[in-house]
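start06.txt, holding compact mmCIF, C-alpha atoms:
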```txt
# COMPACT_ATOMS: atom_id res chain seq x y z
CA MET F 189 13.77 6.81 11.66
CA LEU F 190 10.71 5.59 9.78
CA PHE F 191 9.51 2.00 10.03
CA ILE F 192 7.29 0.35 7.42
CA TYR F 193 5.54 -2.92 8.16
CA VAL F 194 4.18 -5.03 5.30
CA PHE F 195 1.88 -7.57 6.91
CA ASN F 196 1.24 -11.05 5.60
CA VAL F 197 -2.51 -10.94 4.96
CA GLU F 198 -2.31 -13.50 2.16
CA LEU F 199 -4.49 -12.23 -0.72
CA GLY F 200 -4.71 -8.61 0.35
CA GLN F 201 -2.57 -5.74 1.52
CA SER F 202 -1.85 -3.94 4.77
CA VAL F 203 1.11 -1.56 5.11
CA PHE F 204 1.72 0.30 8.39
CA ILE F 205 3.87 3.45 8.52
CA MET F 206 5.37 4.39 11.89
CA PRO F 207 7.67 7.42 12.38
CA LYS F 208 9.74 6.46 15.42
CA ASP F 209 9.75 9.95 16.93
CA SER F 210 6.27 11.01 15.76
CA PRO F 211 3.78 8.21 16.48
CA GLU F 212 0.99 10.76 16.19
CA TYR F 213 1.58 10.57 12.42
CA ALA F 214 1.35 6.80 12.07
CA MET F 215 -0.67 5.79 9.03
CA LEU F 216 -2.06 2.64 7.47
CA ILE F 217 -2.19 1.94 3.75
CA ASP F 218 -4.95 -0.63 3.18
CA CYS F 219 -6.39 -2.80 5.92
CA GLY F 220 -6.60 -6.32 4.56
CA ASN F 221 -6.83 -9.16 7.06
CA THR F 222 -7.29 -12.92 7.26
CA PRO F 223 -9.79 -14.98 9.27
CA ASN F 224 -7.12 -15.45 11.95
CA PHE F 225 -5.07 -12.25 11.78
CA ASN F 226 -5.78 -8.53 12.01
CA PRO F 227 -2.64 -6.36 11.75
CA VAL F 228 -4.13 -3.73 14.08
CA ASP F 229 -3.65 -6.19 16.94
CA ILE F 230 0.10 -5.77 16.41
CA PHE F 231 0.39 -2.02 15.90
CA LYS F 232 -2.35 -0.50 18.07
CA GLY F 233 -0.03 -0.64 21.08
CA MET F 234 2.36 1.70 19.25
CA LEU F 235 -0.28 4.41 18.76
CA PRO F 236 -0.98 7.39 21.03
CA LYS F 237 -4.29 7.63 22.86
CA ASP F 238 -7.03 9.92 21.58
CA SER F 239 -8.02 12.47 24.23
CA ASN F 240 -11.62 12.40 23.04
CA TYR F 241 -11.76 8.61 22.93
CA PRO F 242 -9.63 7.47 25.89
CA TYR F 243 -10.24 3.80 25.25
CA LEU F 244 -9.10 3.92 21.63
CA PRO F 245 -5.62 4.61 20.23
CA ARG F 246 -5.43 7.21 17.48
CA LEU F 247 -4.42 6.42 13.89
CA SER F 248 -3.43 9.54 12.00
CA ASN F 249 -4.46 8.38 8.52
CA LEU F 250 -6.00 5.48 6.65
CA THR F 251 -5.34 5.30 2.91
CA ILE F 252 -7.13 2.78 0.69
CA THR F 253 -5.47 2.04 -2.65
CA ASN F 254 -8.26 -0.04 -4.19
CA TYR F 255 -11.98 -0.50 -3.64
CA ASP F 256 -11.61 -4.27 -4.00
CA GLU F 257 -12.50 -5.82 -0.67
CA ASP F 258 -9.17 -7.57 -0.08
CA HIS F 259 -7.72 -4.09 0.50
CA PHE F 260 -10.19 -3.21 3.26
CA SER F 261 -11.55 -6.53 4.51
CA GLY F 262 -10.38 -5.70 8.04
CA LEU F 263 -12.02 -2.27 8.15
CA PRO F 264 -14.88 -3.11 10.58
CA TYR F 265 -12.41 -4.62 13.05
CA LEU F 266 -10.03 -1.68 12.59
CA LEU F 267 -12.80 0.81 13.36
CA ASN F 268 -13.56 -1.02 16.59
CA ASN F 269 -9.93 -0.80 17.70
CA VAL F 270 -8.66 2.65 16.68
CA LYS F 271 -9.95 6.17 16.13
CA ILE F 272 -9.07 7.25 12.59
CA GLN F 273 -8.29 10.96 12.28
CA THR F 274 -8.10 11.34 8.50
CA VAL F 275 -8.65 9.21 5.42
CA SER F 276 -7.23 9.32 1.90
CA LEU F 277 -9.81 7.73 -0.38
CA SER F 278 -9.81 8.18 -4.13
CA GLY F 279 -12.68 10.29 -5.42
CA ASN F 280 -12.86 8.46 -8.74
CA LEU F 281 -15.68 6.21 -7.48
CA SER F 282 -18.66 7.41 -5.49
CA VAL F 283 -20.54 5.44 -2.85
CA SER F 284 -23.22 4.78 -5.47
CA ASP F 285 -20.59 3.50 -7.91
CA ILE F 286 -19.13 1.17 -5.31
CA LYS F 287 -22.50 -0.25 -4.32
CA SER F 288 -23.54 -0.69 -7.95
CA ILE F 289 -20.62 -2.98 -8.79
CA LYS F 290 -20.77 -5.14 -5.67
CA VAL F 291 -22.95 -8.23 -5.87
CA ILE F 292 -23.20 -8.44 -2.07
CA ILE F 293 -22.95 -5.44 0.25
CA THR F 294 -20.74 -6.94 2.96
CA GLU F 295 -19.86 -5.39 6.32
CA PRO F 296 -16.47 -4.14 5.02
CA ILE F 297 -18.23 -2.44 2.08
CA LYS F 298 -20.75 -0.83 4.44
CA ALA F 299 -17.87 0.43 6.58
CA LEU F 300 -16.02 1.81 3.54
CA CYS F 301 -19.11 3.65 2.30
CA GLN F 302 -19.61 5.09 5.78
CA LEU F 303 -16.05 6.42 5.72
CA LYS F 304 -16.62 8.09 2.35
CA ASP F 305 -19.82 9.68 3.62
CA THR F 306 -18.33 10.76 6.97
CA TYR F 307 -14.84 12.05 6.18
CA THR F 308 -15.76 14.81 3.75
CA CYS F 309 -13.79 17.85 4.96
CA ASP F 310 -10.41 18.95 3.69
CA VAL F 311 -7.50 18.27 6.03
CA VAL F 312 -5.48 21.32 7.11
CA ASN F 313 -2.30 21.73 9.16
CA TYR F 314 -1.31 18.13 8.55
CA THR F 315 2.49 17.95 8.48
CA PRO F 316 3.83 14.42 8.96
CA PRO F 317 7.61 13.83 8.91
CA TYR F 318 7.24 12.03 5.58
CA GLN F 319 5.83 13.16 2.24
CA ARG F 320 2.97 11.52 0.35
CA ARG F 321 1.88 11.87 -3.25
CA MET F 322 -1.03 10.00 -4.78
CA PHE F 323 -2.22 9.57 -8.34
CA SER F 324 -5.28 7.90 -9.81
CA LEU F 325 -7.16 7.67 -13.07
CA SER F 326 -10.84 8.41 -13.63
CA LYS F 327 -13.67 6.44 -15.21
CA SER F 328 -13.49 8.71 -18.26
CA ASP F 329 -9.98 7.43 -18.98
CA PHE F 330 -11.58 4.14 -20.01
CA PRO F 331 -14.09 4.58 -22.87
CA ASN F 332 -17.30 2.58 -23.14
CA GLY F 333 -17.39 1.80 -19.43
CA ALA F 334 -14.28 -0.40 -19.59
CA TRP F 335 -13.17 0.53 -16.08
CA ASP F 336 -12.98 -1.56 -12.94
CA THR F 337 -11.69 -1.00 -9.42
CA ASN F 338 -8.22 -2.32 -10.24
CA LYS F 339 -7.79 0.14 -13.10
CA LEU F 340 -8.79 2.97 -10.77
CA SER F 341 -6.40 2.04 -7.93
CA GLN F 342 -4.54 4.83 -6.16
CA LEU F 343 -0.83 4.97 -6.88
CA VAL F 344 0.89 6.01 -3.65
CA PHE F 345 4.42 7.31 -3.22
CA LEU F 346 5.78 7.84 0.28
CA SER F 347 9.13 9.56 0.84
CA TYR F 348 11.24 9.94 3.97
CA LYS F 349 14.70 11.52 3.97
CA ASP F 350 16.43 9.95 0.94
CA THR F 351 14.08 6.99 0.53
CA THR F 352 10.90 6.57 -1.53
CA ILE F 353 8.58 3.58 -1.64
CA CYS F 354 5.94 3.04 -4.34
CA ILE F 355 2.66 1.32 -3.39
CA PRO F 356 0.46 0.94 -6.50
CA GLY F 357 -2.56 -1.03 -5.33
CA ASP F 358 -3.83 -3.37 -8.04
CA LEU F 359 -3.01 -1.24 -11.09
CA PRO F 360 -3.00 -3.38 -14.25
CA SER F 361 -0.69 -2.83 -17.20
CA ALA F 362 -3.30 -0.78 -19.10
CA SER F 363 -3.50 1.75 -16.27
CA TRP F 364 0.27 1.94 -15.99
CA GLU F 365 0.42 2.85 -19.68
CA LEU F 366 -1.77 5.89 -19.00
CA LEU F 367 -0.04 6.90 -15.78
CA LEU F 368 3.40 6.68 -17.38
CA ASN F 369 2.34 9.54 -19.66
CA GLN F 370 2.32 11.82 -16.62
CA ARG F 371 5.67 13.49 -16.03
CA GLU F 372 5.18 13.73 -12.28
CA VAL F 373 4.52 9.98 -12.05
CA THR F 374 7.71 9.12 -13.91
CA ASP F 375 9.66 11.63 -11.81
CA TYR F 376 8.51 9.87 -8.64
CA LEU F 377 9.30 6.48 -10.12
CA GLY F 378 12.79 7.77 -10.82
CA LYS F 379 13.22 8.44 -7.09
CA THR F 380 11.76 5.11 -5.97
CA ASN F 381 14.02 2.77 -3.98
CA ILE F 382 11.45 0.13 -2.98
CA PHE F 383 8.66 -0.96 -5.30
CA ILE F 384 5.70 -3.00 -4.08
CA ALA F 385 4.58 -5.10 -7.03
CA SER F 386 1.18 -4.13 -8.40
CA HIS F 387 -1.77 -6.52 -7.99
CA HIS F 388 0.08 -8.75 -5.56
CA GLY F 389 2.85 -9.40 -8.08
CA ARG F 390 0.56 -11.03 -10.62
CA GLU F 391 1.15 -10.94 -14.32
CA ASP F 392 -1.59 -8.44 -15.21
CA GLY F 393 -0.03 -5.85 -12.88
CA TYR F 394 3.37 -6.08 -14.55
CA ASN F 395 4.46 -3.47 -17.07
CA ALA F 396 8.11 -3.47 -18.15
CA ASP F 397 7.96 0.22 -19.08
CA ILE F 398 7.72 1.13 -15.39
CA PHE F 399 11.36 0.17 -15.08
CA LYS F 400 12.49 2.53 -17.77
CA PHE F 401 12.10 5.11 -14.99
CA CYS F 402 12.18 3.07 -11.78
CA GLN F 403 15.42 1.39 -10.68
CA PRO F 404 14.59 -0.11 -7.28
CA GLU F 405 17.01 -1.82 -4.94
CA CYS F 406 14.25 -4.17 -3.82
CA ILE F 407 10.79 -5.33 -4.91
CA ILE F 408 8.18 -6.58 -2.43
CA VAL F 409 5.27 -8.89 -3.24
CA SER F 410 2.25 -9.13 -0.92
CA ASP F 411 0.35 -12.28 -1.89
CA LYS F 412 -0.79 -15.71 -0.72
CA TYR F 413 0.52 -19.11 -1.76
CA ILE F 414 0.61 -19.84 -5.51
CA ILE F 415 -2.65 -21.20 -6.89
CA HIS F 416 -2.91 -19.27 -10.18
CA GLY F 417 -0.77 -19.36 -13.29
CA THR F 418 -0.63 -15.55 -13.15
CA GLN F 419 1.53 -15.89 -10.01
CA GLU F 420 4.10 -18.22 -11.56
CA ASN F 421 7.62 -16.99 -12.37
CA MET F 422 6.81 -13.37 -11.52
CA SER F 423 9.47 -13.04 -8.83
CA SER F 424 12.21 -13.85 -11.32
CA ARG F 425 10.73 -11.45 -13.85
CA TYR F 426 10.64 -8.63 -11.32
CA ALA F 427 14.14 -9.49 -10.07
CA ARG F 428 15.57 -8.57 -13.47
CA HIS F 429 14.62 -4.95 -12.83
CA VAL F 430 16.41 -4.59 -9.50
CA VAL F 431 19.55 -2.48 -9.60
CA GLY F 432 22.70 -4.12 -8.32
CA ASP F 433 22.85 -7.33 -6.31
CA GLY F 434 19.82 -6.68 -4.11
CA ILE F 435 19.60 -5.98 -0.38
CA CYS F 436 20.75 -7.65 2.83
CA PHE F 437 17.77 -9.29 4.49
CA GLN F 438 17.63 -10.23 8.19
CA SER F 439 21.16 -8.86 8.72
CA ASP F 440 22.49 -11.64 6.49
CA LEU F 441 25.56 -10.09 4.91
CA THR F 442 26.30 -13.19 2.87
CA THR F 443 23.03 -13.43 0.93
CA ARG F 444 21.50 -10.71 -1.20
CA ARG F 445 17.79 -10.54 -1.97
CA LYS F 446 16.15 -8.77 -4.90
CA VAL F 447 12.55 -9.81 -4.22
CA ILE F 448 10.89 -10.29 -0.82
CA THR F 449 7.44 -11.88 -0.55
CA THR F 450 4.97 -12.17 2.30
CA ARG F 451 4.18 -15.59 0.82
CA ASN F 452 7.62 -16.93 1.74
CA ASP F 453 8.99 -14.42 4.24
CA GLY F 454 5.89 -13.59 6.31
CA ASN F 455 5.56 -10.15 7.90
CA ILE F 456 8.22 -7.75 6.63
CA ILE F 457 9.67 -4.68 8.36
CA MET F 458 11.83 -1.96 6.84
CA GLY F 459 13.64 0.87 8.59
CA PHE F 460 14.60 4.10 6.80
CA GLY F 461 17.11 6.49 8.32
CA GLU F 462 19.46 9.34 7.48
CA ASN F 463 21.75 9.28 4.44
CA ALA F 464 19.70 6.65 2.60
CA THR F 465 20.19 4.09 5.38
CA ARG F 466 17.75 1.20 4.89
CA VAL F 467 17.39 -2.08 6.77
CA TYR F 468 15.14 -5.03 5.95
CA ASP F 469 13.94 -7.81 8.23
CA LYS F 470 10.95 -9.99 9.04
CA PHE F 471 9.06 -10.41 12.29
```

What would you get if you wrote out this structure as structure tokens?
Amino acid sequence: MLFIYVFNVELGQSVFIMPKDSPEYAMLIDCGNTPNFNPVDIFKGMLPKDSNYPYLPRLSNLTITNYDEDHFSGLPYLLNNVKIQTVSLSGNLSVSDIKSIKVIITEPIKALCQLKDTYTCDVVNYTPPYQRRMFSLSKSDFPNGAWDTNKLSQLVFLSYKDTTICIPGDLPSASWELLLNQREVTDYLGKTNIFIASHHGREDGYNADIFKFCQPECIIVSDKYIIHGTQENMSSRYARHVVGDGICFQSDLTTRRKVITTRNDGNIIMGFGENATRVYDKF
């Protein structure tokens, strides 16, 4: 069985992947945090120890979907608590690019740039019990320098048995329009069962054409309390694209849910098993 934890880090994202029988392949997609909460404090006890670093548990992979700081604000703390074996960082922005667009070079940005400079070798013989596929655009896809970190977010698909989840970072509608021209992207969307709403479920991350290919049974929104107009009414808009009556949440067989949010539901856990078995709960 594969467990996926979507942590409530308010404005940010942190998604932990834990194969029950293969903890050596646990991975983390984004490492957002809050002033009072670091998700690693919850999951580090699930990780195996690193033989070369006996005081640190080993995290198989860290993937960052977006070079906006809310997606890696907890990176310095994470590095002090685990040994990261591999990273999956988009190559569409260099360290120089990242530093050039940041007004202040914060500790998380320094840590991110160090990762990009340190983890430079190709990974071989890496065979987790799940499959990953990532897509991203390049600066040249946006003429006249009209790119930003959101537009260049990594689009991540993760599949296990008969289940696929889509984690699209902060992709705005304009980037979706370009990505939807790629046959492999639309093929993966066609297999997607759970869709994490782009850009924390805000209006600029919504593109109705996604759902010409994607027919999810559930949509998840990772975001803080509503303070912007771009957050209003988005759950109901996304709910229209869910196939069927939604999913059972917290073993409640009487109520079906189409959209789950960290804003209202807190930390979310999903379990994927054989024969498309999927369970949803919070913790």

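Of the residues under consideration (F:Asn313, F:Gln201, F:Ser210, F:Ser423), F:Gln201 shows the shortest atom-to-atom contact distance to F:Ser410 when counting all atoms listed in the file.
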
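Those residues that approach F:Pro236 to within 12 Å, counting all atoms listed in the file, are Met206, Asp209, Ser210, Pro211, Glu212, Tyr213, Ala214, Phe231, Lys232, Gly233, Met234, Asp238, Ser239, Asn240, Tyr241, Pro242, Tyr243, Leu244, Pro245, Arg246, Leu247, Ser248, Val270, Lys271, Ile272 and Gln273 of chain F; same-chain residues fewer than 2 positions away are not listed.
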
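Using all atoms listed in the file, the smallest distance between any of F:Asp397, F:Asp258, F:Asp392, F:Glu198 and F:Gly220 comes from F:Asp258.
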
*Hey, can you check how far atom CA of F:Cys406 sits from atom CA of F:Cys436?*
9.9 Å

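The two atoms in question, atom CA of F:Ser328 and atom CA of F:Ser341, are spaced 14.2 Å apart.
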
*Between F:Ile292, F:Cys219, F:Leu368, F:Val467, single out the one closest to F:Ser261, counting all atoms listed in the file.*
F:Cys219

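One finds atom CA of F:Leu235 at 28.9 Å from atom CA of F:His387.
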
_Give me, as a VMD selection string, all polymer residues having an atom no more than 12 Å from F:Ala334, counting only C-alpha atoms and skipping those fewer than 6 positions away in the same chain._
chain F and resid 326 to 328 340 362 to 363

_Can you pull out the residues contacting F:Thr253? Cut-off 7 Å, using only C-alpha atoms, and skip same-chain residues under 4 positions away; I want them as a VMD selection string._
chain F and resid 218 341 to 343 357

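Of the listed residues F:Met422, F:Lys446, F:Lys290, F:Lys379, the one whose atoms come nearest to F:Ala396 is F:Met422, with distances taken using only C-alpha atoms.
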
_Ranking F:Ser202, F:Ser424, F:Thr465, F:Thr337 by minimum distance to F:Arg445 and counting only C-alpha atoms, which one comes first?_
F:Ser424

Output requested as a short mmCIF file (atom, residue, chain, number, x, y, z; two decimals), in the frame of the given file - stretch 436-458 of chain F, filled out with N, CA and C atoms.
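See out_15.cif below for the written result:
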```
data_model
loop_
_atom_site.label_atom_id
_atom_site.label_comp_id
_atom_site.auth_asym_id
_atom_site.auth_seq_id
_atom_site.Cartn_x
_atom_site.Cartn_y
_atom_site.Cartn_z
N CYS F 436 20.53 -6.71 1.73
CA CYS F 436 20.75 -7.65 2.83
C CYS F 436 19.45 -7.80 3.59
N PHE F 437 19.03 -9.03 3.82
CA PHE F 437 17.77 -9.29 4.49
C PHE F 437 18.05 -10.06 5.78
N GLN F 438 17.42 -9.61 6.88
CA GLN F 438 17.63 -10.23 8.19
C GLN F 438 19.09 -10.17 8.63
N SER F 439 19.75 -9.06 8.32
CA SER F 439 21.16 -8.86 8.72
C SER F 439 22.09 -9.93 8.17
N ASP F 440 21.66 -10.61 7.12
CA ASP F 440 22.49 -11.64 6.49
C ASP F 440 23.38 -10.96 5.46
N LEU F 441 24.64 -10.79 5.80
CA LEU F 441 25.56 -10.09 4.91
C LEU F 441 26.09 -10.98 3.80
N THR F 442 25.77 -12.25 3.86
CA THR F 442 26.30 -13.19 2.87
C THR F 442 25.33 -13.45 1.73
N THR F 443 24.05 -13.15 1.95
CA THR F 443 23.03 -13.43 0.93
C THR F 443 22.31 -12.15 0.56
N ARG F 444 22.21 -11.89 -0.72
CA ARG F 444 21.50 -10.71 -1.20
C ARG F 444 20.14 -11.12 -1.74
N ARG F 445 19.15 -10.27 -1.52
CA ARG F 445 17.79 -10.54 -1.97
C ARG F 445 17.32 -9.41 -2.88
N LYS F 446 16.73 -9.77 -4.00
CA LYS F 446 16.15 -8.77 -4.90
C LYS F 446 14.64 -8.66 -4.73
N VAL F 447 14.00 -9.77 -4.40
CA VAL F 447 12.55 -9.81 -4.22
C VAL F 447 12.24 -10.43 -2.87
N ILE F 448 11.37 -9.77 -2.10
CA ILE F 448 10.89 -10.29 -0.82
C ILE F 448 9.39 -10.50 -0.95
N THR F 449 8.88 -11.61 -0.45
CA THR F 449 7.44 -11.88 -0.55
C THR F 449 6.87 -12.24 0.82
N THR F 450 5.65 -11.75 1.07
CA THR F 450 4.97 -12.17 2.30
C THR F 450 4.64 -13.65 2.23
N ARG F 451 4.49 -14.16 1.02
CA ARG F 451 4.18 -15.59 0.82
C ARG F 451 5.25 -16.48 1.45
N ASN F 452 6.51 -16.11 1.25
CA ASN F 452 7.62 -16.93 1.74
C ASN F 452 8.28 -16.37 2.99
N ASP F 453 8.25 -15.05 3.15
CA ASP F 453 8.99 -14.42 4.24
C ASP F 453 8.11 -13.99 5.41
N GLY F 454 6.78 -14.01 5.23
CA GLY F 454 5.89 -13.59 6.31
C GLY F 454 5.82 -12.08 6.44
N ASN F 455 5.63 -11.59 7.66
CA ASN F 455 5.56 -10.15 7.90
C ASN F 455 6.94 -9.52 7.71
N ILE F 456 6.96 -8.41 7.00
CA ILE F 456 8.22 -7.75 6.63
C ILE F 456 8.29 -6.38 7.31
N ILE F 457 9.46 -6.01 7.79
CA ILE F 457 9.67 -4.68 8.36
C ILE F 457 10.87 -4.04 7.70
N MET F 458 10.74 -2.75 7.40
CA MET F 458 11.83 -1.96 6.84
C MET F 458 12.06 -0.74 7.72
#
```
